[in-house]
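K.L.:
Contents of query_20.cif (mmCIF, C-alpha atoms) are below:
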```
data_upload
loop_
_atom_site.group_PDB
_atom_site.id
_atom_site.type_symbol
_atom_site.label_atom_id
_atom_site.label_comp_id
_atom_site.auth_asym_id
_atom_site.auth_seq_id
_atom_site.Cartn_x
_atom_site.Cartn_y
_atom_site.Cartn_z
ATOM 1 C CA MET N 407 136.978 133.958 134.899
ATOM 2 C CA SER N 408 137.303 130.662 132.975
ATOM 3 C CA ASP N 409 138.060 130.732 129.282
ATOM 4 C CA LEU N 410 134.652 129.223 128.527
ATOM 5 C CA SER N 411 132.718 131.761 130.589
ATOM 6 C CA GLN N 412 134.667 134.634 128.993
ATOM 7 C CA LEU N 413 133.828 133.288 125.547
ATOM 8 C CA GLU N 414 130.127 133.083 126.382
ATOM 9 C CA GLN N 415 130.130 136.602 127.810
ATOM 10 C CA VAL N 416 131.890 138.025 124.754
ATOM 11 C CA LYS N 417 129.518 136.196 122.441
ATOM 12 C CA THR N 418 126.433 137.450 124.299
ATOM 13 C CA GLN N 419 127.742 141.023 124.382
ATOM 14 C CA LEU N 420 128.529 141.003 120.656
ATOM 15 C CA ILE N 421 125.076 139.658 119.794
ATOM 16 C CA ASN N 422 123.412 142.351 121.906
ATOM 17 C CA SER N 423 125.611 145.059 120.396
ATOM 18 C CA PHE N 424 124.865 144.008 116.813
ATOM 19 C CA THR N 425 121.158 143.656 117.566
ATOM 20 C CA GLN N 426 120.955 147.183 118.974
ATOM 21 C CA ALA N 427 123.272 148.784 116.393
ATOM 22 C CA GLU N 428 122.220 152.151 115.005
ATOM 23 C CA GLN N 429 121.936 152.072 111.206
ATOM 24 C CA ARG N 430 122.914 155.209 109.298
ATOM 25 C CA GLU N 431 122.637 155.913 105.585
ATOM 26 C CA ALA N 432 125.035 158.858 105.151
ATOM 27 C CA PRO N 433 127.506 159.102 103.582
ATOM 28 C CA TYR N 434 126.875 155.374 102.967
ATOM 29 C CA ARG N 435 125.123 152.655 104.909
ATOM 30 C CA HIS N 436 126.983 151.809 108.081
ATOM 31 C CA TRP N 437 126.161 150.854 111.642
ATOM 32 C CA ARG N 438 127.402 152.182 114.963
ATOM 33 C CA LEU N 439 127.682 149.832 117.919
ATOM 34 C CA SER N 440 128.063 150.504 121.623
ATOM 35 C CA ALA N 441 129.148 148.240 124.502
ATOM 36 C CA VAL N 442 130.818 145.936 121.985
ATOM 37 C CA PHE N 443 132.685 143.742 124.481
ATOM 38 C CA PRO N 444 132.229 143.059 128.197
ATOM 39 C CA ILE N 445 134.059 145.913 129.913
ATOM 40 C CA ASP N 446 136.648 143.606 131.514
ATOM 41 C CA THR N 447 137.452 142.123 128.104
ATOM 42 C CA ALA N 448 137.640 145.533 126.449
ATOM 43 C CA ARG N 449 140.127 146.728 129.060
ATOM 44 C CA ALA N 450 142.095 143.462 128.949
ATOM 45 C CA ILE N 451 142.954 144.116 125.303
ATOM 46 C CA ALA N 452 145.138 147.054 126.369
ATOM 47 C CA GLN N 453 147.000 144.727 128.723
ATOM 48 C CA LEU N 454 148.145 142.390 125.972
ATOM 49 C CA PRO N 455 151.955 142.466 125.675
ATOM 50 C CA PHE N 456 151.944 144.111 122.252
ATOM 51 C CA THR N 457 153.780 147.401 121.831
ATOM 52 C CA PRO N 458 153.262 150.045 119.160
ATOM 53 C CA PRO N 459 155.682 149.618 116.265
ATOM 54 C CA VAL N 460 158.315 152.286 115.717
ATOM 55 C CA ILE N 461 157.728 153.268 112.116
ATOM 56 C CA ASP N 462 158.336 156.133 109.750
ATOM 57 C CA ASP N 463 155.596 157.775 107.721
ATOM 58 C CA THR N 464 153.302 155.039 106.412
ATOM 59 C CA GLY N 465 152.410 157.033 103.329
ATOM 60 C CA GLY N 466 148.784 156.630 104.348
ATOM 61 C CA ARG N 467 148.829 152.822 104.024
ATOM 62 C CA ARG N 468 149.076 150.158 106.732
ATOM 63 C CA GLU N 469 150.743 147.694 104.370
ATOM 64 C CA THR N 470 153.787 149.975 104.152
ATOM 65 C CA HIS N 471 155.000 148.264 107.339
ATOM 66 C CA ASN N 472 153.427 144.808 107.157
ATOM 67 C CA GLU N 473 156.189 143.221 109.216
ATOM 68 C CA SER N 474 155.239 145.235 112.315
ATOM 69 C CA ARG N 475 151.485 144.596 112.254
ATOM 70 C CA ARG N 476 149.786 142.616 115.059
ATOM 71 C CA PHE N 477 146.999 140.071 114.657
ATOM 72 C CA PHE N 478 144.861 137.757 116.754
ATOM 73 C CA ASP N 479 146.482 134.913 114.838
ATOM 74 C CA HIS N 480 147.029 131.263 115.735
ATOM 75 C CA ASP N 481 149.803 132.026 118.230
ATOM 76 C CA ALA N 482 147.971 134.893 119.948
ATOM 77 C CA ILE N 483 144.791 132.833 120.247
ATOM 78 C CA ALA N 484 146.729 129.948 121.768
ATOM 79 C CA GLN N 485 148.615 132.162 124.217
ATOM 80 C CA PHE N 486 146.128 134.804 125.385
ATOM 81 C CA PRO N 487 142.605 134.002 126.679
ATOM 82 C CA THR N 488 141.313 137.438 125.649
ATOM 83 C CA CYS N 489 142.387 136.908 122.034
ATOM 84 C CA SER N 490 140.895 133.417 122.112
ATOM 85 C CA ALA N 491 137.533 134.553 123.496
ATOM 86 C CA ILE N 492 137.137 137.360 120.965
ATOM 87 C CA ALA N 493 138.210 135.250 117.998
ATOM 88 C CA HIS N 494 136.055 132.248 118.900
ATOM 89 C CA ALA N 495 133.058 134.501 119.593
ATOM 90 C CA LEU N 496 133.349 136.190 116.200
ATOM 91 C CA GLN N 497 133.749 132.779 114.545
ATOM 92 C CA SER N 498 130.680 131.347 116.293
ATOM 93 C CA ASP N 499 127.518 130.446 114.408
ATOM 94 C CA GLU N 500 125.439 132.750 116.602
ATOM 95 C CA VAL N 501 127.527 135.873 115.915
ATOM 96 C CA ILE N 502 127.933 135.048 112.219
ATOM 97 C CA SER N 503 124.160 134.689 111.976
ATOM 98 C CA ILE N 504 123.437 138.096 113.533
ATOM 99 C CA ILE N 505 126.059 139.818 111.359
ATOM 100 C CA GLN N 506 124.592 138.303 108.204
ATOM 101 C CA SER N 507 121.052 139.171 109.234
ATOM 102 C CA ARG N 508 121.817 142.723 110.401
ATOM 103 C CA CYS N 509 123.998 143.651 107.432
ATOM 104 C CA ALA N 510 122.414 141.535 104.670
ATOM 105 C CA VAL N 511 125.769 139.978 103.814
ATOM 106 C CA ASP N 512 126.734 136.387 103.044
ATOM 107 C CA LEU N 513 129.945 135.392 104.820
ATOM 108 C CA THR N 514 129.969 131.791 103.610
ATOM 109 C CA ASN N 515 133.489 130.539 102.826
ATOM 110 C CA THR N 516 135.187 133.640 104.240
ATOM 111 C CA ASN N 517 137.831 133.703 106.975
ATOM 112 C CA LEU N 518 138.076 135.827 110.098
ATOM 113 C CA ARG N 519 140.932 138.335 110.299
ATOM 114 C CA ILE N 520 141.496 140.457 113.426
ATOM 115 C CA GLU N 521 144.194 143.102 113.403
ATOM 116 C CA TYR N 522 145.161 144.862 116.619
ATOM 117 C CA ALA N 523 146.232 148.302 115.453
ATOM 118 C CA LEU N 524 148.395 150.381 117.807
ATOM 119 C CA ASP N 525 148.729 153.786 116.188
ATOM 120 C CA THR N 526 150.778 156.691 117.523
ATOM 121 C CA GLN N 527 151.595 160.271 116.575
ATOM 122 C CA GLY N 528 152.237 160.611 112.849
ATOM 123 C CA PHE N 529 149.814 157.881 111.784
ATOM 124 C CA TRP N 530 147.313 158.612 109.009
ATOM 125 C CA LEU N 531 145.387 156.665 106.396
ATOM 126 C CA GLU N 532 144.407 157.805 102.936
ATOM 127 C CA PRO N 533 140.752 157.316 101.923
ATOM 128 C CA HIS N 534 140.040 153.790 100.689
ATOM 129 C CA THR N 535 136.981 151.533 100.336
ATOM 130 C CA ASP N 536 138.034 147.984 101.436
ATOM 131 C CA LEU N 537 136.336 146.783 98.248
ATOM 132 C CA GLY N 538 137.613 143.443 96.965
ATOM 133 C CA VAL N 539 138.586 140.520 99.178
ATOM 134 C CA LYS N 540 137.105 142.063 102.329
ATOM 135 C CA LYS N 541 133.412 141.187 102.667
ATOM 136 C CA PHE N 542 132.785 142.825 106.053
ATOM 137 C CA THR N 543 134.613 145.480 108.070
ATOM 138 C CA MET N 544 134.314 146.334 111.758
ATOM 139 C CA LEU N 545 136.402 149.007 113.463
ATOM 140 C CA ALA N 546 136.275 148.710 117.257
ATOM 141 C CA TYR N 547 137.662 151.630 119.278
ATOM 142 C CA LEU N 548 139.485 150.688 122.472
ATOM 143 C CA ALA N 549 141.683 153.646 123.431
ATOM 144 C CA GLU N 550 141.203 155.467 126.742
ATOM 145 C CA ASP N 551 144.005 158.024 126.510
ATOM 146 C CA GLU N 552 143.154 161.694 126.784
ATOM 147 C CA GLY N 553 141.537 162.945 123.597
ATOM 148 C CA HIS N 554 140.743 159.451 122.290
ATOM 149 C CA GLU N 555 137.193 160.414 121.293
ATOM 150 C CA ASP N 556 138.661 162.354 118.360
ATOM 151 C CA TRP N 557 140.598 159.346 117.048
ATOM 152 C CA GLY N 558 137.726 157.776 115.163
ATOM 153 C CA THR N 559 137.462 156.890 111.499
ATOM 154 C CA ASP N 560 136.879 159.628 108.942
ATOM 155 C CA ILE N 561 134.180 158.670 106.444
ATOM 156 C CA TYR N 562 133.805 160.361 103.072
ATOM 157 C CA LEU N 563 131.239 161.222 100.418
ATOM 158 C CA ASP N 564 133.908 160.323 97.878
ATOM 159 C CA LYS N 565 137.668 159.990 97.825
ATOM 160 C CA THR N 566 138.237 163.725 98.229
ATOM 161 C CA ALA N 567 135.204 164.979 100.180
ATOM 162 C CA PRO N 568 135.159 164.273 103.948
ATOM 163 C CA ALA N 569 131.683 163.775 105.366
ATOM 164 C CA GLN N 570 132.037 163.155 109.088
ATOM 165 C CA ARG N 571 134.230 161.699 111.805
ATOM 166 C CA VAL N 572 133.013 158.714 113.793
ATOM 167 C CA PRO N 573 133.521 159.309 117.541
ATOM 168 C CA ALA N 574 136.053 156.843 118.956
ATOM 169 C CA THR N 575 134.237 156.404 122.250
ATOM 170 C CA PHE N 576 135.763 153.555 124.241
ATOM 171 C CA ASN N 577 134.254 150.118 123.476
ATOM 172 C CA THR N 578 132.206 151.302 120.491
ATOM 173 C CA ALA N 579 132.523 150.349 116.843
ATOM 174 C CA MET N 580 131.409 151.105 113.324
ATOM 175 C CA ILE N 581 130.683 148.405 110.763
ATOM 176 C CA PHE N 582 129.986 148.380 107.041
ATOM 177 C CA VAL N 583 129.827 146.073 104.045
ATOM 178 C CA PRO N 584 132.559 147.190 101.642
ATOM 179 C CA SER N 585 131.370 148.552 98.300
ATOM 180 C CA ASN N 586 132.571 151.097 95.763
ATOM 181 C CA ASN N 587 131.421 154.038 97.921
ATOM 182 C CA THR N 588 132.566 153.017 101.417
ATOM 183 C CA TRP N 589 135.357 155.583 101.560
ATOM 184 C CA HIS N 590 137.065 155.827 104.947
ATOM 185 C CA GLY N 591 140.447 156.811 106.332
ATOM 186 C CA PHE N 592 142.180 158.711 109.096
ATOM 187 C CA GLU N 593 143.054 162.368 108.588
ATOM 188 C CA PRO N 594 146.341 163.490 110.195
ATOM 189 C CA ARG N 595 145.771 164.757 113.728
ATOM 190 C CA LYS N 596 147.403 164.708 117.147
ATOM 191 C CA ILE N 597 147.520 161.316 118.868
ATOM 192 C CA ASN N 598 148.567 161.925 122.453
ATOM 193 C CA GLY N 599 148.975 158.289 123.467
ATOM 194 C CA ILE N 600 148.080 155.063 121.681
ATOM 195 C CA ARG N 601 145.126 154.733 119.334
ATOM 196 C CA ARG N 602 143.967 151.168 119.970
ATOM 197 C CA THR N 603 141.656 149.645 117.376
ATOM 198 C CA LEU N 604 140.545 146.165 116.453
ATOM 199 C CA ILE N 605 140.130 145.947 112.692
ATOM 200 C CA ILE N 606 137.884 142.963 112.099
ATOM 201 C CA ASN N 607 137.299 141.622 108.604
ATOM 202 C CA PHE N 608 135.872 138.557 106.977
ATOM 203 C CA VAL N 609 137.918 137.957 103.836
ATOM 204 C CA THR N 610 137.581 135.680 100.819
ATOM 205 C CA GLN N 611 139.778 132.708 100.033
ATOM 206 C CA GLU N 612 141.862 134.951 97.783
ATOM 207 C CA TRP N 613 143.454 136.508 100.874
ATOM 208 C CA ARG N 614 147.160 135.810 100.464
ATOM 209 C CA ASN N 615 148.575 136.374 103.956
ATOM 210 C CA ARG N 616 147.047 133.303 105.554
ATOM 211 C CA HIS N 617 149.185 133.675 108.692
ATOM 212 C CA GLU N 618 147.156 136.781 109.594
ATOM 213 C CA LEU N 619 143.908 134.835 109.864
ATOM 214 C CA ALA N 620 142.439 133.694 113.157
ATOM 215 C CA PHE N 621 141.451 130.267 111.821
ATOM 216 C CA PRO N 622 143.098 129.900 108.394
ATOM 217 C CA ASN N 623 141.807 126.368 107.850
ATOM 218 C CA GLU N 624 138.270 127.005 109.128
ATOM 219 C CA PRO N 625 136.216 129.070 106.673
ATOM 220 C CA ILE N 626 132.764 130.191 107.711
ATOM 221 C CA LEU N 627 130.112 127.623 106.865
ATOM 222 C CA ALA N 628 126.721 128.456 105.369
ATOM 223 C CA GLN N 629 124.202 129.380 108.047
#
```
Before anything else, please render the file you have as structure tokens.
P.N.:
Amino acid sequence: MSDLSQLEQVKTQLINSFTQAEQREAPYRHWRLSAVFPIDTARAIAQLPFTPPVIDDTGGRRETHNESRRFFDHDAIAQFPTCSAIAHALQSDEVISIIQSRCAVDLTNTNLRIEYALDTQGFWLEPHTDLGVKKFTMLAYLAEDEGHEDWGTDIYLDKTAPAQRVPATFNTAMIFVPSNNTWHGFEPRKINGIRRTLIINFVTQEWRNRHELAFPNEPILAQ
């Protein structure tokens, strides 16, 4: 498959997935997507030569071990066609337009950030909202290890009251527009393998770690 044809397939699949997303209102407005990427692309992500970091207890925060985090950054996009196709598709006018329309969010002057999270036994995340510099959040589930369906995001009524667990079915995702009630996290549980997730955000210009961004010098233009 050529790089161009992979990009077009990823773009088309993302547009279809966003268009058909199921909107839910509890415990806050969010959307659930299926068939997020072409199946070959979804499976190719697991073949990228990134290994899970060996870390101690994170204390419920990813930033505890910032130096070991993986991103679809400039180098990854230049080196790996799968990273390039996904990043360029998410940066495209067509996908930006459907995200803004579906979620009633303005992404003008934001930047794309894609983290490839490889979580193993012992990982957990305290409830948090993403409110602030993140203007859009998408959590795409890409694990296929035994029991992976139970490795989805926990979403909460408030910081202390769990509401439900999103199923981490392979090649599905949940999306939301961060606000003061978008509490989500990951309760401690057994991870028998690698929990593979793409954490996709559009962030404001206040984002400090510019090296994490897919296209640090190419903010999203008004649609």
K.L.:
Contacts of range 428-436 of chain N at 8 Å or less, counting only C-alpha atoms, minus same-chain residues fewer than 3 places along, as a PDB file with C-alpha atoms, keeping the file's coordinate frame?
P.N.:
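Below is the file part12.pdb, written as the result:
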```pdb
ATOM      1  CA  LEU N 439     127.682 149.832 117.919  1.00  0.00           C
ATOM      2  CA  ILE N 561     134.180 158.670 106.444  1.00  0.00           C
ATOM      3  CA  TYR N 562     133.805 160.361 103.072  1.00  0.00           C
ATOM      4  CA  LEU N 563     131.239 161.222 100.418  1.00  0.00           C
ATOM      5  CA  ALA N 569     131.683 163.775 105.366  1.00  0.00           C
ATOM      6  CA  MET N 580     131.409 151.105 113.324  1.00  0.00           C
ATOM      7  CA  ILE N 581     130.683 148.405 110.763  1.00  0.00           C
ATOM      8  CA  PHE N 582     129.986 148.380 107.041  1.00  0.00           C
ATOM      9  CA  VAL N 583     129.827 146.073 104.045  1.00  0.00           C
ATOM     10  CA  ASN N 587     131.421 154.038  97.921  1.00  0.00           C
ATOM     11  CA  THR N 588     132.566 153.017 101.417  1.00  0.00           C
TER      12      THR N 588
END
```
K.L.:
Evaluating the PyMOL selection byres ((chain N and resi 492) around 9) on the displayed file yields which residues, as an MDAnalysis selection string?
P.N.:
chainID N and resid 412:413 416:417 443 447 478 483 487:491 493:497
K.L.:
Taking all atoms listed in the file into account, which of N:Leu619, N:Ile445, N:Ile597, N:Leu410 comes nearest Gln527 in chain N?
P.N.:
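Ranked by minimum distance to Gln527 in chain N, first place goes to N:Ile597.
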K.L.:
Check what the PyMOL selection byres ((chain N and resi 421) around 9) selects in the file above and give those residues as JSON, numbers by chain.
P.N.:
{"N": [416, 417, 418, 419, 420, 422, 423, 424, 425, 426, 442, 500, 501, 504, 505]}
K.L.:
Which one is closest to Pro568 in chain N: N:Phe477, N:Arg519, N:Phe592, N:Glu550? Count all atoms listed in the file.
P.N.:
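The answer is N:Phe592, which sits nearest to Pro568 in chain N.
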K.L.:
So, with all atoms listed in the file as the atoms that count, which of N:Ala546, N:Leu513, N:Leu518, N:Ala579 lies closest to Trp613 in chain N?
P.N.:
N:Leu518
K.L.:
Find the residue from N:Phe621, N:Gln415, N:Gln485, N:Lys541 that sits nearest to Asp446 in chain N; use all atoms listed in the file when measuring.
P.N.:
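Closest candidate: N:Gln415.
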K.L.:
One decimal, Å: what's the distance from CA of Val572 in chain N over to CA of Asn517 in chain N, could you say?
P.N.:
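The value is 26.4 Å.
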K.L.:
N:Arg476, N:Arg616, N:His554, N:Arg571: which is nearest Lys596 in chain N, counting all atoms listed in the file?
P.N.:
N:His554
K.L.:
N:Pro584, N:Gly553, N:Pro533, N:Pro455: which is nearest Arg601 in chain N, counting all atoms listed in the file?
P.N.:
N:Gly553
K.L.:
Please indicate the distance in Å from CA of Gly528 in chain N to CA of Arg614 in chain N, rounded to one decimal place.
P.N.:
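Atom-to-atom, CA of Gly528 in chain N and CA of Arg614 in chain N are spaced 28.2 Å apart.
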K.L.:
Between CA of Ser507 in chain N and CA of Ala427 in chain N, what is the distance, to one decimal in Å?
P.N.:
12.2 Å
K.L.:
Report the centre and edge lengths, in Å to one decimal, of an axis-aligned box enclosing every atom of range 589-601 of chain N listed in the file, padded by 5 Å on each side, as lines of an AutoDock Vina configuration file.
P.N.:
```
center_x = 142.2
center_y = 159.7
center_z = 112.5
size_x = 23.6
size_y = 20.0
size_z = 31.9
```
K.L.:
Do a neighbour search on Asn515 in chain N at 9 Å with all atoms listed in the file, toss out local chain neighbours closer than 2 positions, and write the hits as a PyMOL selection string.
P.N.:
chain N and resi 512-513+517+609-611+624-628
K.L.:
Could you save the residues just selected, with C-alpha atoms, as a short mmCIF file (atom, residue, chain, number, x, y, z; two decimals), keeping the file's coordinate frame?
P.N.:
```cif
data_model
loop_
_atom_site.label_atom_id
_atom_site.label_comp_id
_atom_site.auth_asym_id
_atom_site.auth_seq_id
_atom_site.Cartn_x
_atom_site.Cartn_y
_atom_site.Cartn_z
CA ASP N 512 126.73 136.39 103.04
CA LEU N 513 129.94 135.39 104.82
CA ASN N 517 137.83 133.70 106.98
CA VAL N 609 137.92 137.96 103.84
CA THR N 610 137.58 135.68 100.82
CA GLN N 611 139.78 132.71 100.03
CA GLU N 624 138.27 127.00 109.13
CA PRO N 625 136.22 129.07 106.67
CA ILE N 626 132.76 130.19 107.71
CA LEU N 627 130.11 127.62 106.86
CA ALA N 628 126.72 128.46 105.37
#
```
K.L.:
Taking (154.7, 149.9, 123.4) in the coordinates of the supplied file, I want to know which residues reach to within 12 Å of it, counting only C-alpha atoms; could you give the answer as a ChimeraX atom specification?
P.N.:
/N:452-460,523-526,599-602
